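Colleague: So I've got this file, structure.tsv, and it contains TSV, C-alpha atoms:
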chain	number	residue	atom	x	y	z
A	1495	MET	CA	16.91	-22.74	9.47
A	1496	PRO	CA	16.83	-21.35	5.91
A	1497	THR	CA	16.75	-17.62	5.44
A	1498	PRO	CA	13.34	-16.07	4.66
A	1499	THR	CA	14.38	-15.30	1.08
A	1500	SER	CA	15.26	-18.94	0.40
A	1501	TRP	CA	11.67	-20.18	0.84
A	1502	LYS	CA	9.71	-20.84	-2.36
A	1503	LYS	CA	5.93	-21.02	-2.52
A	1504	SER	CA	4.03	-23.05	-5.11
A	1505	SER	CA	2.53	-21.18	-8.03
A	1506	PHE	CA	-0.59	-23.23	-7.24
A	1507	SER	CA	-1.07	-21.48	-3.88
A	1508	GLY	CA	-4.71	-20.60	-3.90
A	1509	GLY	CA	-7.32	-18.52	-2.24
A	1510	GLY	CA	-7.22	-15.48	-0.02
A	1511	GLN	CA	-3.69	-14.37	0.76
A	1512	GLY	CA	-2.15	-17.21	-1.24
A	1513	ASP	CA	-0.98	-18.80	2.00
A	1514	ALA	CA	-2.81	-22.13	1.80
A	1515	CYS	CA	0.21	-24.21	0.93
A	1516	VAL	CA	3.64	-25.34	1.98
A	1517	GLU	CA	6.88	-23.56	1.24
A	1518	VAL	CA	10.08	-25.32	0.23
A	1519	ALA	CA	13.73	-24.37	0.76
A	1520	HIS	CA	16.65	-26.14	-0.92
A	1521	LEU	CA	19.59	-26.57	1.46
A	1522	GLY	CA	22.18	-28.37	-0.65
A	1523	THR	CA	21.64	-32.05	0.07
A	1524	ARG	CA	18.48	-31.43	2.14
A	1525	ILE	CA	15.01	-29.98	1.49
A	1526	SER	CA	13.01	-28.19	4.19
A	1527	ILE	CA	9.28	-27.61	4.08
A	1528	ARG	CA	7.03	-25.48	6.26
A	1529	ASP	CA	3.40	-24.43	6.50
A	1530	SER	CA	3.03	-21.01	4.87
A	1531	LYS	CA	0.26	-20.06	7.32
A	1532	VAL	CA	2.58	-20.44	10.33
A	1533	PRO	CA	6.15	-20.00	9.03
A	1534	THR	CA	7.64	-19.54	12.49
A	1535	ARG	CA	6.69	-23.06	13.58
A	1536	ALA	CA	8.84	-26.12	13.07
A	1537	THR	CA	9.99	-27.25	9.65
A	1538	LEU	CA	10.39	-30.74	8.24
A	1539	THR	CA	13.69	-31.58	6.56
A	1540	PHE	CA	14.37	-34.48	4.22
A	1541	PRO	CA	17.27	-35.71	2.09
A	1542	ALA	CA	16.91	-34.00	-1.31
A	1543	ARG	CA	16.84	-37.33	-3.19
A	1544	ALA	CA	14.04	-38.70	-1.01
A	1545	PHE	CA	11.99	-35.53	-1.41
A	1546	SER	CA	12.50	-35.54	-5.19
A	1547	ALA	CA	11.36	-39.17	-5.35
A	1548	PHE	CA	8.28	-38.26	-3.30
A	1549	VAL	CA	7.38	-35.37	-5.63
A	1550	GLU	CA	7.85	-37.56	-8.72
A	1551	ALA	CA	5.61	-40.23	-7.20
A	1552	LEU	CA	2.93	-37.60	-6.64
A	1553	LYS	CA	3.18	-36.50	-10.27
A	1554	ASP	CA	2.77	-40.09	-11.45
A	1555	HIS	CA	-0.25	-40.79	-9.22
A	1556	PRO	CA	-3.67	-40.24	-10.82
A	1557	SER	CA	-5.65	-37.40	-9.32
A	1558	ALA	CA	-8.46	-38.27	-6.92
A	1559	ASP	CA	-10.69	-35.55	-8.45
Starting from the file, give its structure as structure tokens.

Modeller:
Amino acid sequence: MPTPTSWKKSSFSGGGQGDACVEVAHLGTRISIRDSKVPTRATLTFPARAFSAFVEALKDHPSAD
């Protein structure tokens, strides 16, 4: 599991304590994500390339606002 200092929170974290988001940790060739509200629970880990492709696809998708 990544060290606590390696977790990064989005600058778009909103409301209250700023804990309504996910946190991301870069682990070389892998990316881990966790729920910032319950950081001691399980994390999800993905290959870095797959996660990057996922994030880029989100950026390219029109907002549902």

Colleague: Skipping near chain neighbours, those fewer than 3 positions away, what residues fall within 12 Å of Phe1545 in chain A using only C-alpha atoms, listed as a list of chain:residue names?

Modeller: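 These residues fall inside the cut-off: A:Val1518, A:Ala1519, A:His1520, A:Thr1523, A:Arg1524, A:Ile1525, A:Ser1526, A:Ile1527, A:Leu1538, A:Thr1539, A:Phe1540, A:Pro1541, A:Ala1542, A:Phe1548, A:Val1549, A:Glu1550, A:Ala1551, A:Leu1552.
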
Colleague: Give the answer as one residue: which of A:Ala1514, A:Ser1500, A:Lys1553, A:Arg1543 has the shortest atom-to-atom distance to Asp1529 in chain A, using all atoms listed in the file?

Modeller: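 Between A:Ala1514, A:Ser1500, A:Lys1553, A:Arg1543, the residue approaching Asp1529 in chain A most closely is A:Ala1514.
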
Colleague: Work out how far apart CA of Arg1528 in chain A and CA of Trp1501 in chain A are and give it in Å to one decimal.

Modeller: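 Here the two named atoms are 8.9 Å from each other.
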
Colleague: So how many Å separate CA of Pro1556 in chain A and CA of Ser1505 in chain A, to one decimal?

Modeller: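 Computing it gives 20.2 Å between the two atoms.
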
Colleague: Just need the box for range 1529-1543 of chain A, edges along x, y and z, holding every atom the file lists for it with 8 Å tacked onto each side, so centre and edge lengths in Å to one decimal, as JSON.

Modeller:
{"center_x": 8.8, "center_y": -28.4, "center_z": 5.2, "size_x": 33.0, "size_y": 33.8, "size_z": 32.8}
